[in-house]
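Novice: So I've got this file, query-v6.txt, and it contains compact mmCIF, C-alpha atoms:
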# COMPACT_ATOMS: atom_id res chain seq x y z
CA MET M 1 55.44 -29.17 -88.52
CA ILE M 2 51.82 -29.02 -89.66
CA VAL M 3 49.37 -30.81 -87.36
CA PRO M 4 46.20 -31.91 -89.17
CA SER M 5 42.96 -30.79 -87.59
CA THR M 6 41.01 -33.47 -85.77
CA GLU M 7 37.72 -31.55 -85.93
CA PRO M 8 36.44 -33.16 -89.17
CA ARG M 9 37.33 -36.58 -87.80
CA VAL M 10 35.51 -35.85 -84.54
CA GLY M 11 32.51 -34.60 -86.51
CA ARG M 12 32.39 -37.78 -88.61
CA ARG M 13 32.67 -39.92 -85.49
CA ALA M 14 29.87 -37.99 -83.80
CA ARG M 15 27.61 -38.36 -86.85
CA THR M 16 28.34 -42.10 -86.98
CA ILE M 17 27.42 -42.51 -83.32
CA ALA M 18 24.26 -40.44 -83.79
CA LEU M 19 23.18 -42.49 -86.81
CA ALA M 20 23.87 -45.74 -84.93
CA LEU M 21 21.75 -44.60 -81.99
CA ALA M 22 18.93 -43.52 -84.29
CA ALA M 23 19.08 -46.86 -86.13
CA SER M 24 18.86 -48.71 -82.81
CA ALA M 25 15.77 -46.65 -81.95
CA VAL M 26 14.15 -47.67 -85.25
CA LEU M 27 14.97 -51.36 -84.65
CA LEU M 28 13.56 -51.21 -81.13
CA VAL M 29 10.32 -49.63 -82.35
CA ALA M 30 10.08 -52.27 -85.10
CA THR M 31 10.53 -55.00 -82.49
CA GLY M 32 7.78 -53.47 -80.41
CA LEU M 33 5.42 -53.21 -83.38
CA VAL M 34 6.00 -56.86 -84.32
CA SER M 35 5.24 -57.87 -80.73
CA PHE M 36 2.11 -55.73 -80.79
CA ALA M 37 0.97 -57.44 -83.99
CA LEU M 38 1.37 -60.82 -82.26
CA TYR M 39 -0.95 -59.88 -79.39
CA ALA M 40 -3.26 -57.47 -81.26
CA ALA M 41 -6.13 -59.99 -81.24
CA THR M 42 -5.66 -60.72 -77.51
CA PRO M 43 -7.51 -58.69 -74.84
CA VAL M 44 -4.94 -56.42 -73.19
CA PRO M 45 -5.09 -53.27 -71.04
CA ASP M 46 -5.85 -50.05 -72.93
CA THR M 47 -2.33 -48.78 -72.26
CA LEU M 48 -1.00 -51.58 -74.47
CA GLY M 49 -3.70 -51.24 -77.15
CA TRP M 50 -3.34 -49.74 -80.62
CA PRO M 51 -4.04 -46.03 -79.81
CA PHE M 52 -1.27 -45.85 -77.23
CA THR M 53 1.02 -48.02 -79.35
CA VAL M 54 0.72 -45.75 -82.39
CA ALA M 55 1.07 -42.55 -80.33
CA PHE M 56 4.09 -43.91 -78.44
CA ALA M 57 5.83 -45.07 -81.63
CA VAL M 58 5.29 -41.73 -83.38
CA GLY M 59 6.57 -39.85 -80.35
CA VAL M 60 9.82 -41.74 -79.82
CA LEU M 61 10.65 -41.86 -83.53
CA THR M 62 10.13 -38.11 -83.79
CA PHE M 63 12.53 -37.54 -80.90
CA ALA M 64 15.10 -39.90 -82.42
CA ALA M 65 14.83 -38.29 -85.87
CA ALA M 66 15.10 -34.74 -84.53
CA GLY M 67 17.98 -35.74 -82.26
CA VAL M 68 20.04 -37.34 -85.01
CA VAL M 69 19.54 -34.34 -87.31
CA ILE M 70 20.64 -31.89 -84.60
CA ALA M 71 23.55 -34.06 -83.43
CA ALA M 72 24.80 -34.57 -87.00
CA ALA M 73 24.55 -30.89 -87.89
CA SER M 74 25.88 -29.54 -84.59
CA PRO M 75 27.67 -32.32 -82.68
CA GLY M 76 28.99 -29.88 -80.08
CA ASN M 77 25.50 -28.90 -78.95
CA LEU M 78 24.30 -31.01 -76.02
CA ILE M 79 20.66 -30.43 -76.98
CA GLY M 80 20.85 -32.80 -79.95
CA TRP M 81 22.26 -35.61 -77.83
CA ILE M 82 19.65 -35.12 -75.12
CA VAL M 83 16.82 -35.25 -77.67
CA LEU M 84 18.38 -38.32 -79.30
CA LEU M 85 18.81 -39.96 -75.89
CA ILE M 86 15.12 -39.37 -75.12
CA GLY M 87 14.25 -41.07 -78.41
CA VAL M 88 16.51 -44.08 -77.79
CA VAL M 89 15.40 -44.61 -74.18
CA GLY M 90 11.78 -44.13 -75.22
CA SER M 91 12.21 -46.71 -78.00
CA THR M 92 13.72 -49.14 -75.48
CA ASN M 93 10.76 -48.55 -73.20
CA PHE M 94 8.37 -49.08 -76.13
CA ALA M 95 9.98 -52.41 -77.03
CA LEU M 96 10.04 -53.62 -73.40
CA GLU M 97 6.35 -52.84 -72.93
CA ARG M 98 5.19 -54.49 -76.17
CA VAL M 99 7.44 -57.55 -75.90
CA GLY M 100 6.48 -57.82 -72.23
CA GLY M 101 2.80 -57.55 -73.18
CA TYR M 102 3.16 -60.37 -75.70
CA LEU M 103 4.99 -62.66 -73.26
CA THR M 104 2.56 -61.90 -70.45
CA PHE M 105 -0.85 -61.96 -72.15
CA VAL M 106 -0.19 -64.43 -74.98
CA ARG M 107 2.52 -66.74 -73.71
CA GLY M 108 1.88 -66.38 -69.98
CA GLU M 109 5.61 -66.32 -69.21
CA PRO M 110 6.96 -64.62 -66.06
CA ALA M 111 9.69 -62.95 -68.12
CA GLY M 112 7.01 -60.71 -69.60
CA GLU M 113 6.13 -59.21 -66.23
CA LEU M 114 9.84 -58.62 -65.61
CA LEU M 115 10.19 -56.69 -68.87
CA LEU M 116 7.13 -54.60 -67.99
CA ALA M 117 8.61 -53.85 -64.58
CA VAL M 118 11.94 -52.78 -66.11
CA SER M 119 10.11 -50.30 -68.34
CA SER M 120 8.86 -48.35 -65.33
CA PRO M 121 12.11 -46.63 -64.24
CA LEU M 122 12.97 -45.90 -67.88
CA ALA M 123 9.68 -44.03 -68.32
CA VAL M 124 10.34 -41.95 -65.20
CA ALA M 125 13.92 -41.12 -66.20
CA ASN M 126 12.93 -40.12 -69.74
CA THR M 127 10.13 -37.85 -68.55
CA ALA M 128 12.39 -36.23 -65.96
CA VAL M 129 15.11 -35.51 -68.54
CA LEU M 130 12.55 -33.85 -70.84
CA LEU M 131 11.06 -31.71 -68.07
CA LEU M 132 14.27 -30.81 -66.21
CA LEU M 133 17.41 -30.90 -68.33
CA LEU M 134 16.12 -29.60 -71.66
CA PRO M 135 14.76 -26.27 -70.36
CA LEU M 136 17.94 -25.68 -68.35
CA VAL M 137 20.35 -25.98 -71.28
CA PHE M 138 18.14 -24.86 -74.17
CA PRO M 139 19.05 -23.75 -76.84
CA ASP M 140 22.88 -23.89 -76.85
CA GLY M 141 23.46 -26.88 -74.54
CA ARG M 142 24.84 -24.71 -71.72
CA LEU M 143 23.42 -23.26 -68.52
CA PRO M 144 22.34 -19.60 -68.71
CA SER M 145 25.04 -18.69 -66.17
CA PRO M 146 27.13 -20.34 -63.42
CA ARG M 147 24.54 -19.40 -60.78
CA TRP M 148 22.21 -22.05 -62.26
CA ARG M 149 24.58 -24.90 -61.39
CA PRO M 150 22.74 -25.70 -58.11
CA VAL M 151 19.55 -26.11 -60.13
CA PHE M 152 21.38 -28.46 -62.50
CA TRP M 153 22.50 -30.66 -59.59
CA LEU M 154 18.97 -30.48 -58.18
CA ALA M 155 17.68 -31.76 -61.51
CA LEU M 156 20.15 -34.66 -61.54
CA SER M 157 19.21 -35.55 -57.96
CA ALA M 158 15.51 -35.51 -58.87
CA ILE M 159 16.12 -37.82 -61.85
CA VAL M 160 18.13 -40.32 -59.80
CA LEU M 161 15.75 -40.35 -56.82
CA ALA M 162 12.57 -40.62 -58.92
CA THR M 163 14.06 -43.32 -61.15
CA LEU M 164 15.31 -45.48 -58.28
CA GLY M 165 12.19 -44.83 -56.23
CA SER M 166 9.95 -46.07 -59.05
CA LEU M 167 11.39 -49.56 -58.44
CA ALA M 168 9.32 -49.65 -55.24
CA SER M 169 6.11 -48.48 -56.91
CA GLU M 170 3.18 -50.89 -56.66
CA GLN M 171 2.14 -50.07 -60.21
CA ILE M 172 4.13 -49.92 -63.44
CA ILE M 173 4.45 -46.27 -64.45
CA LEU M 174 2.33 -45.30 -67.50
CA LEU M 175 0.84 -48.79 -67.83
CA GLY M 176 -1.09 -48.93 -64.55
CA LEU M 177 -0.42 -52.68 -64.19
CA PRO M 178 0.60 -54.34 -60.90
CA ASN M 179 4.35 -54.35 -60.42
CA THR M 180 5.02 -57.92 -59.33
CA TYR M 181 8.78 -57.30 -59.31
CA ARG M 182 8.69 -54.22 -57.11
CA ILE M 183 11.52 -53.84 -54.60
CA ASP M 184 9.96 -53.44 -51.17
CA SER M 185 12.50 -51.08 -49.62
CA GLY M 186 11.81 -48.32 -47.13
CA ALA M 187 14.55 -46.14 -48.61
CA LEU M 188 13.10 -46.48 -52.12
CA ARG M 189 9.57 -45.75 -50.87
CA ILE M 190 10.87 -42.47 -49.47
CA ALA M 191 13.00 -41.72 -52.53
CA PHE M 192 10.08 -41.85 -54.97
CA PRO M 193 7.87 -39.06 -53.54
CA LEU M 194 10.98 -37.03 -52.71
CA GLY M 195 12.20 -37.38 -56.28
CA LEU M 196 8.78 -36.35 -57.65
CA THR M 197 8.76 -33.30 -55.40
CA LEU M 198 12.23 -32.29 -56.56
CA LEU M 199 11.11 -32.93 -60.15
CA LEU M 200 8.26 -30.45 -59.71
CA VAL M 201 10.59 -27.88 -58.15
CA GLY M 202 13.17 -28.46 -60.86
CA THR M 203 10.57 -28.02 -63.61
CA VAL M 204 9.56 -24.65 -62.18
CA ALA M 205 13.25 -23.71 -61.93
CA GLY M 206 13.80 -24.80 -65.54
CA ILE M 207 10.99 -22.52 -66.69
CA ALA M 208 12.54 -19.71 -64.65
CA SER M 209 15.88 -20.33 -66.36
CA LEU M 210 14.23 -19.96 -69.77
CA ILE M 211 12.67 -16.68 -68.69
CA ASP M 212 16.01 -15.46 -67.34
CA ARG M 213 17.81 -16.47 -70.53
CA TYR M 214 15.14 -14.81 -72.68
CA ARG M 215 15.36 -11.51 -70.83
CA HIS M 216 19.13 -11.25 -71.32
CA ALA M 217 19.44 -12.83 -74.77
CA GLU M 218 19.85 -11.41 -78.24
CA THR M 219 17.04 -11.55 -80.77
CA THR M 220 18.09 -14.89 -82.31
CA VAL M 221 18.11 -16.70 -78.96
CA GLN M 222 14.78 -15.14 -78.07
CA MET M 223 13.31 -16.55 -81.27
CA GLN M 224 14.71 -19.99 -80.41
CA ILE M 225 13.10 -19.88 -76.98
CA ARG M 226 9.81 -18.81 -78.55
CA TRP M 227 9.77 -22.03 -80.57
CA PHE M 228 10.18 -24.08 -77.39
CA VAL M 229 7.48 -22.09 -75.59
CA TYR M 230 5.19 -22.42 -78.61
CA ALA M 231 5.46 -26.23 -78.47
CA ALA M 232 4.68 -26.19 -74.75
CA GLY M 233 1.76 -23.85 -75.37
CA VAL M 234 0.25 -26.06 -78.08
CA PHE M 235 0.54 -29.13 -75.87
CA GLY M 236 -0.91 -27.32 -72.85
CA ALA M 237 -3.77 -25.82 -74.87
CA LEU M 238 -4.73 -29.25 -76.21
CA VAL M 239 -4.75 -30.76 -72.71
CA ILE M 240 -6.85 -27.89 -71.35
CA GLY M 241 -9.20 -28.11 -74.34
CA VAL M 242 -9.75 -31.84 -73.80
CA LEU M 243 -10.42 -31.27 -70.11
CA LEU M 244 -12.93 -28.49 -70.85
CA LEU M 245 -14.76 -30.45 -73.54
CA LEU M 246 -14.58 -34.00 -72.17
CA GLY M 247 -13.56 -33.62 -68.55
CA VAL M 248 -11.23 -36.18 -67.02
CA THR M 249 -11.69 -38.86 -69.66
CA SER M 250 -10.47 -42.44 -69.79
CA ASP M 251 -11.02 -42.80 -73.54
CA PRO M 252 -7.76 -44.40 -74.74
CA THR M 253 -8.01 -42.80 -78.18
CA VAL M 254 -8.30 -39.28 -76.76
CA ILE M 255 -5.52 -39.85 -74.24
CA ALA M 256 -3.28 -41.31 -76.96
CA LEU M 257 -3.97 -38.31 -79.20
CA VAL M 258 -2.99 -35.92 -76.44
CA SER M 259 0.10 -38.01 -75.73
CA ALA M 260 1.12 -37.94 -79.40
CA THR M 261 1.18 -34.14 -79.46
CA HIS M 262 4.34 -34.13 -77.35
CA SER M 263 6.01 -34.81 -80.71
CA VAL M 264 5.80 -31.06 -81.35
CA PHE M 265 8.63 -30.62 -78.82
CA PRO M 266 11.42 -32.30 -80.85
CA LEU M 267 10.22 -30.61 -84.04
CA ALA M 268 10.24 -27.18 -82.40
CA ILE M 269 13.63 -27.87 -80.83
CA MET M 270 15.09 -28.94 -84.19
CA ILE M 271 13.85 -25.77 -85.91
CA ALA M 272 15.15 -23.62 -83.06
CA VAL M 273 18.61 -25.16 -82.81
CA LEU M 274 19.20 -25.40 -86.56
CA ARG M 275 17.65 -21.94 -87.04
CA TYR M 276 15.68 -23.09 -90.06
CA ARG M 277 12.87 -20.59 -90.76
CA LEU M 278 13.50 -19.34 -87.25
CA TYR M 279 11.76 -16.01 -87.65
CA ASP M 280 8.53 -17.63 -88.85
CA ILE M 281 7.61 -18.24 -85.22
CA ASP M 282 5.82 -14.89 -84.86
CA VAL M 283 3.67 -15.63 -87.92
CA LEU M 284 2.96 -19.13 -86.61
CA ILE M 285 1.98 -17.87 -83.15
CA ARG M 286 -0.22 -15.18 -84.68
CA ARG M 287 -2.06 -17.63 -86.93
CA THR M 288 -2.42 -20.18 -84.14
CA LEU M 289 -3.99 -17.58 -81.86
CA VAL M 290 -6.29 -16.24 -84.56
CA TYR M 291 -7.56 -19.56 -85.91
CA GLY M 292 -7.59 -21.26 -82.50
CA LEU M 293 -9.71 -18.52 -80.94
CA THR M 294 -11.90 -18.32 -84.04
CA THR M 295 -12.52 -22.07 -84.06
CA GLY M 296 -13.32 -22.04 -80.34
CA SER M 297 -15.72 -19.10 -80.74
CA VAL M 298 -17.49 -20.71 -83.69
CA ALA M 299 -17.81 -23.99 -81.77
CA VAL M 300 -19.35 -22.20 -78.79
CA ALA M 301 -21.72 -20.32 -81.10
CA PHE M 302 -22.65 -23.57 -82.86
CA PHE M 303 -23.60 -25.46 -79.70
CA ALA M 304 -25.26 -22.42 -78.14
CA GLY M 305 -27.25 -21.96 -81.36
CA ILE M 306 -28.48 -25.55 -81.22
CA VAL M 307 -29.68 -25.10 -77.63
CA VAL M 308 -31.43 -21.78 -78.36
CA LEU M 309 -33.04 -22.90 -81.61
CA GLN M 310 -34.24 -26.15 -80.08
CA ALA M 311 -35.94 -24.20 -77.29
CA VAL M 312 -37.56 -21.82 -79.81
CA LEU M 313 -38.64 -24.50 -82.29
CA ARG M 314 -39.77 -27.11 -79.77
CA PRO M 315 -43.46 -26.05 -79.98
CA PHE M 316 -43.39 -26.45 -83.78
CA THR M 317 -41.19 -29.51 -84.33
CA ALA M 318 -40.15 -32.50 -82.29
CA GLY M 319 -36.87 -33.02 -84.11
CA SER M 320 -33.53 -31.25 -83.77
CA GLU M 321 -32.53 -31.33 -87.46
CA ILE M 322 -33.78 -27.79 -88.12
CA ALA M 323 -31.90 -26.48 -85.06
CA VAL M 324 -28.68 -28.17 -86.18
CA ALA M 325 -29.03 -26.88 -89.73
CA GLY M 326 -29.79 -23.34 -88.57
CA SER M 327 -26.91 -23.34 -86.12
CA THR M 328 -24.54 -24.63 -88.81
CA LEU M 329 -25.53 -21.89 -91.24
CA ALA M 330 -25.17 -19.23 -88.54
CA SER M 331 -21.72 -20.56 -87.58
CA VAL M 332 -20.54 -20.50 -91.20
CA ALA M 333 -21.78 -16.93 -91.58
CA LEU M 334 -20.02 -15.89 -88.36
CA PHE M 335 -16.63 -17.37 -89.23
CA GLN M 336 -15.20 -14.58 -91.40
CA PRO M 337 -16.41 -11.63 -89.27
CA LEU M 338 -15.20 -13.37 -86.12
CA ARG M 339 -11.82 -14.10 -87.68
CA SER M 340 -11.37 -10.48 -88.73
CA ARG M 341 -12.29 -9.12 -85.29
CA ILE M 342 -10.14 -11.68 -83.46
CA GLN M 343 -7.19 -10.99 -85.76
CA ALA M 344 -7.49 -7.27 -85.08
CA GLY M 345 -7.68 -7.97 -81.35
CA VAL M 346 -4.64 -10.25 -81.42
CA ASP M 347 -2.65 -7.66 -83.37
CA ARG M 348 -3.61 -4.92 -80.91
CA ARG M 349 -2.73 -7.06 -77.88
CA PHE M 350 0.37 -8.97 -78.97
CA TYR M 351 1.64 -7.21 -82.10
CA ARG M 352 0.97 -3.59 -81.22
CA SER M 353 3.87 -2.18 -83.26
CA ARG M 354 2.73 -4.01 -86.39
CA TYR M 355 -0.88 -3.00 -85.79
CA ASP M 356 0.10 0.63 -85.33
CA ALA M 357 2.32 0.51 -88.43
CA GLU M 358 -0.51 -0.85 -90.56
CA ARG M 359 -2.90 1.80 -89.30
CA THR M 360 -0.32 4.51 -89.95
CA LEU M 361 0.26 3.30 -93.53
CA ASP M 362 -3.48 3.09 -94.19
CA ARG M 363 -3.91 6.64 -92.92
CA PHE M 364 -0.98 7.83 -95.05
CA VAL M 365 -2.45 6.28 -98.22
CA HIS M 366 -5.77 8.00 -97.51
CA GLU M 367 -4.06 11.37 -96.95
CA LEU M 368 -1.84 10.94 -100.02
CA ALA M 369 -4.88 10.65 -102.26
CA GLU M 370 -5.97 14.15 -101.25
CA GLU M 371 -2.53 15.85 -101.17
CA VAL M 372 -1.14 17.73 -104.18
CA ASP M 373 1.73 19.68 -102.62
CA LEU M 374 4.97 17.76 -103.31
CA SER M 375 6.83 19.21 -100.31
CA ALA M 376 3.95 18.22 -98.03
CA VAL M 377 4.01 14.68 -99.44
CA ARG M 378 7.75 14.50 -98.83
CA GLY M 379 7.42 15.64 -95.23
CA ARG M 380 4.57 13.25 -94.54
CA LEU M 381 6.45 10.36 -96.15
CA LEU M 382 9.48 10.99 -93.93
CA ALA M 383 7.28 11.13 -90.86
CA VAL M 384 5.50 7.87 -91.72
CA ALA M 385 8.79 6.06 -92.43
CA ALA M 386 10.24 7.24 -89.12
CA GLU M 387 7.10 6.23 -87.22
CA THR M 388 6.62 2.77 -88.70
CA PHE M 389 10.17 1.50 -89.35
CA GLU M 390 12.15 3.64 -86.86
CA PRO M 391 15.27 3.88 -89.08
CA SER M 392 18.43 5.61 -87.93
CA GLU M 393 18.33 7.88 -90.98
CA VAL M 394 15.70 8.74 -93.60
CA SER M 395 16.09 10.55 -96.91
CA VAL M 396 13.87 11.05 -99.94
CA TRP M 397 14.88 12.06 -103.44
CA PHE M 398 12.81 12.73 -106.55
CA GLN M 399 13.82 12.30 -110.14
CA ASP M 400 13.91 15.51 -112.17
CA PRO M 401 10.95 15.22 -114.62
CA ARG M 402 12.95 17.18 -117.24
CA ARG M 403 15.46 14.33 -117.58
Would it be possible to restate this file's structure as structure tokens?

Specialist:
Amino acid sequence: MIVPSTEPRVGRRARTIALALAASAVLLVATGLVSFALYAATPVPDTLGWPFTVAFAVGVLTFAAAGVVIAAASPGNLIGWIVLLIGVVGSTNFALERVGGYLTFVRGEPAGELLLAVSSPLAVANTAVLLLLLPLVFPDGRLPSPRWRPVFWLALSAIVLATLGSLASEQIILLGLPNTYRIDSGALRIAFPLGLTLLLVGTVAGIASLIDRYRHAETTVQMQIRWFVYAAGVFGALVIGVLLLLGVTSDPTVIALVSATHSVFPLAIMIAVLRYRLYDIDVLIRRTLVYGLTTGSVAVAFFAGIVVLQAVLRPFTAGSEIAVAGSTLASVALFQPLRSRIQAGVDRRFYRSRYDAERTLDRFVHELAEEVDLSAVRGRLLAVAAETFEPSEVSVWFQDPRR
């Protein structure tokens, strides 16, 4: 008797569920945006204003979109469902905050404060899942090895304790508003800081699991992990850059911009799991380093030039326009030389094999122009090929000119 395979049916069911979850995320975000439009003209806290609203909506929709694509393409991979879950829970949180803001600040109804209070544990749980579970099971949805199971249970404990403990918090997480519906329980007051401590420990352990997986993985998995690390690096670099330039700022637009960049995580995860243009990560990292360092160097030179030129020109002019113009011209002139030197430095430091290969080929071309002995050319060509590409076998043949 022939038993029909249930795998296609399971795949269709999984895709249907994923699409339904993604559609619910879109509806929840739409509900939140309608509520925001209803209170947009009303004075509200910055955390409910338009910069945070736009950043939050973009973030949760990106997670939901990446999650549904991964879950539909690879329903057996837990990563897609985790990313989709983050998008759905984040969308629920978005709707609760905006609907709660409308009911509280426009209608003055107590139900609004209740919705805002309910959003607090959802925000904690979603953040904990992103920081703890994703690194542990990335990129195939499984732990690196059975010895990481205690860390997995530690992560679950941290999520539960922090989520339940947030119910006793005096402020609503992320919004900074008073939590009028807080549960005044001694056990919950202890659970919250304990859960946050375990969350910090679990995050460090999750990073360690990625390092362990990377060290023992094949090239494809290493490239997948590089995408995840790249997203974390871009986010961390932006946060550090804002702190260096602006300090600890309370500007809602800047904070919302930084918050919106966490959308690079689902995009990087989607590329890594689906392996679409997977090997472009090295090129992307190289260009990010080169242009990021170049832009930073030019910015430093620009502002330093303004300070120096203002000091020099102060006895001759009371304005700063000449200093700004001179510094701008100097910065433009410096861009290309700086980029070339920084690119060479990045290649030497992070892409040594490629840098050495390029230098070897350049040297070979120069030597070839002065070489006339065919046997010498053949020997040098074999040596260069072996040095740059490291093949298992090299051979050279020449066409007989008499044929």

Novice: Neighbouring residues of region 139-142 of chain M were defined as those with any atom within 6 Å, considering all atoms listed in the file; residues of the same chain fewer than 3 positions away were excluded. Please report them as an MDAnalysis selection string.

Specialist: chainID M and resid 77:79

Novice: What would the list of residues within 12 Å of (22.1, -22.1, -66.4) (file frame) look like as a ChimeraX atom specification, if all atoms listed in the file are what count?

Specialist: /M:132-153,155,205-214

Novice: Taking into account all atoms listed in the file, which residue in the set M:Ala57, M:Ala66, M:Ala73, M:Leu196 is nearest to Val124 (chain M)?

Specialist: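 Smallest separation from Val124 (chain M) among the options: M:Leu196.
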
Novice: In Å, rounded to a single decimal, give me how far CA of Ile240 (chain M) is from CA of Arg98 (chain M).

Specialist: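 Interatomic distance, CA of Arg98 (chain M) to CA of Ile240 (chain M): 29.6 Å.
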
Novice: Would you please work out which residue, of M:Leu33, M:Leu48, M:Val273, M:Ile86, is nearest to Gln222 (chain M) when using only C-alpha atoms?

Specialist: M:Val273

Novice: Would you kindly identify which residues have an atom no farther than 10 Å from (5.6, -42.6, -78.7), using all atoms listed in the file and the file's own coordinates, and write them out as a PDB file with C-alpha atoms, in the coordinates of the input?

Specialist:
ATOM      1  CA  VAL M  29      10.320 -49.630 -82.350  1.00  0.00           C
ATOM      2  CA  PHE M  52      -1.270 -45.850 -77.230  1.00  0.00           C
ATOM      3  CA  THR M  53       1.020 -48.020 -79.350  1.00  0.00           C
ATOM      4  CA  VAL M  54       0.720 -45.750 -82.390  1.00  0.00           C
ATOM      5  CA  ALA M  55       1.070 -42.550 -80.330  1.00  0.00           C
ATOM      6  CA  PHE M  56       4.090 -43.910 -78.440  1.00  0.00           C
ATOM      7  CA  ALA M  57       5.830 -45.070 -81.630  1.00  0.00           C
ATOM      8  CA  VAL M  58       5.290 -41.730 -83.380  1.00  0.00           C
ATOM      9  CA  GLY M  59       6.570 -39.850 -80.350  1.00  0.00           C
ATOM     10  CA  VAL M  60       9.820 -41.740 -79.820  1.00  0.00           C
ATOM     11  CA  LEU M  61      10.650 -41.860 -83.530  1.00  0.00           C
ATOM     12  CA  THR M  62      10.130 -38.110 -83.790  1.00  0.00           C
ATOM     13  CA  PHE M  63      12.530 -37.540 -80.900  1.00  0.00           C
ATOM     14  CA  GLY M  87      14.250 -41.070 -78.410  1.00  0.00           C
ATOM     15  CA  GLY M  90      11.780 -44.130 -75.220  1.00  0.00           C
ATOM     16  CA  SER M  91      12.210 -46.710 -78.000  1.00  0.00           C
ATOM     17  CA  ASN M  93      10.760 -48.550 -73.200  1.00  0.00           C
ATOM     18  CA  PHE M  94       8.370 -49.080 -76.130  1.00  0.00           C
ATOM     19  CA  ALA M 256      -3.280 -41.310 -76.960  1.00  0.00           C
ATOM     20  CA  SER M 259       0.100 -38.010 -75.730  1.00  0.00           C
ATOM     21  CA  ALA M 260       1.120 -37.940 -79.400  1.00  0.00           C
ATOM     22  CA  THR M 261       1.180 -34.140 -79.460  1.00  0.00           C
ATOM     23  CA  HIS M 262       4.340 -34.130 -77.350  1.00  0.00           C
ATOM     24  CA  SER M 263       6.010 -34.810 -80.710  1.00  0.00           C
TER      25      SER M 263
END

Novice: With distances taken over all atoms listed in the file, which residue among M:Leu174, M:Ala71, M:Ala64, M:Ala272 lies nearest Val229 (chain M)?

Specialist: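 Among M:Leu174, M:Ala71, M:Ala64, M:Ala272, it is M:Ala272 that comes nearest to Val229 (chain M).
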
Novice: Just want the 7 Å neighbourhood of Val88 (chain M), counted on all atoms listed in the file, with same-chain residues fewer than 5 positions away dropped. Output as a VMD selection string.

Specialist: chain M and resid 21 to 22 25 64

Novice: Distance CA of Ala187 (chain M)-CA of Glu113 (chain M), one decimal place?

Specialist: 23.5 Å

Novice: Find the residue from M:Ala72, M:Leu161, M:Leu154, M:Leu175 that sits nearest to Ala123 (chain M); use all atoms listed in the file when measuring.

Specialist: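 Closest candidate: M:Leu175.
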
Novice: For CA of Thr31 (chain M) and CA of Val99 (chain M), determine how far apart the two atoms are, in Å to one decimal place.

Specialist: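 Rounded to one decimal, the two atoms are 7.7 Å apart.
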
Novice: Using all atoms listed in the file, which of M:Gly11, M:Gly176, M:Gly76, M:Gly165 sits nearest Leu116 (chain M)?

Specialist: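 The answer is M:Gly176, which sits nearest to Leu116 (chain M).
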
Novice: Would you kindly return, as a list in words, each protein, DNA or RNA residue with an atom no farther than 9 Å from any atom of Leu114 (chain M), considering only C-alpha atoms and excluding same-chain residues fewer than 3 positions away?

Specialist: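 Listed by chain and then number, they are Gly100, Pro110, Ala111, Ala117, Val118, Ser119, Asn179, Thr180 and Tyr181 of chain M.
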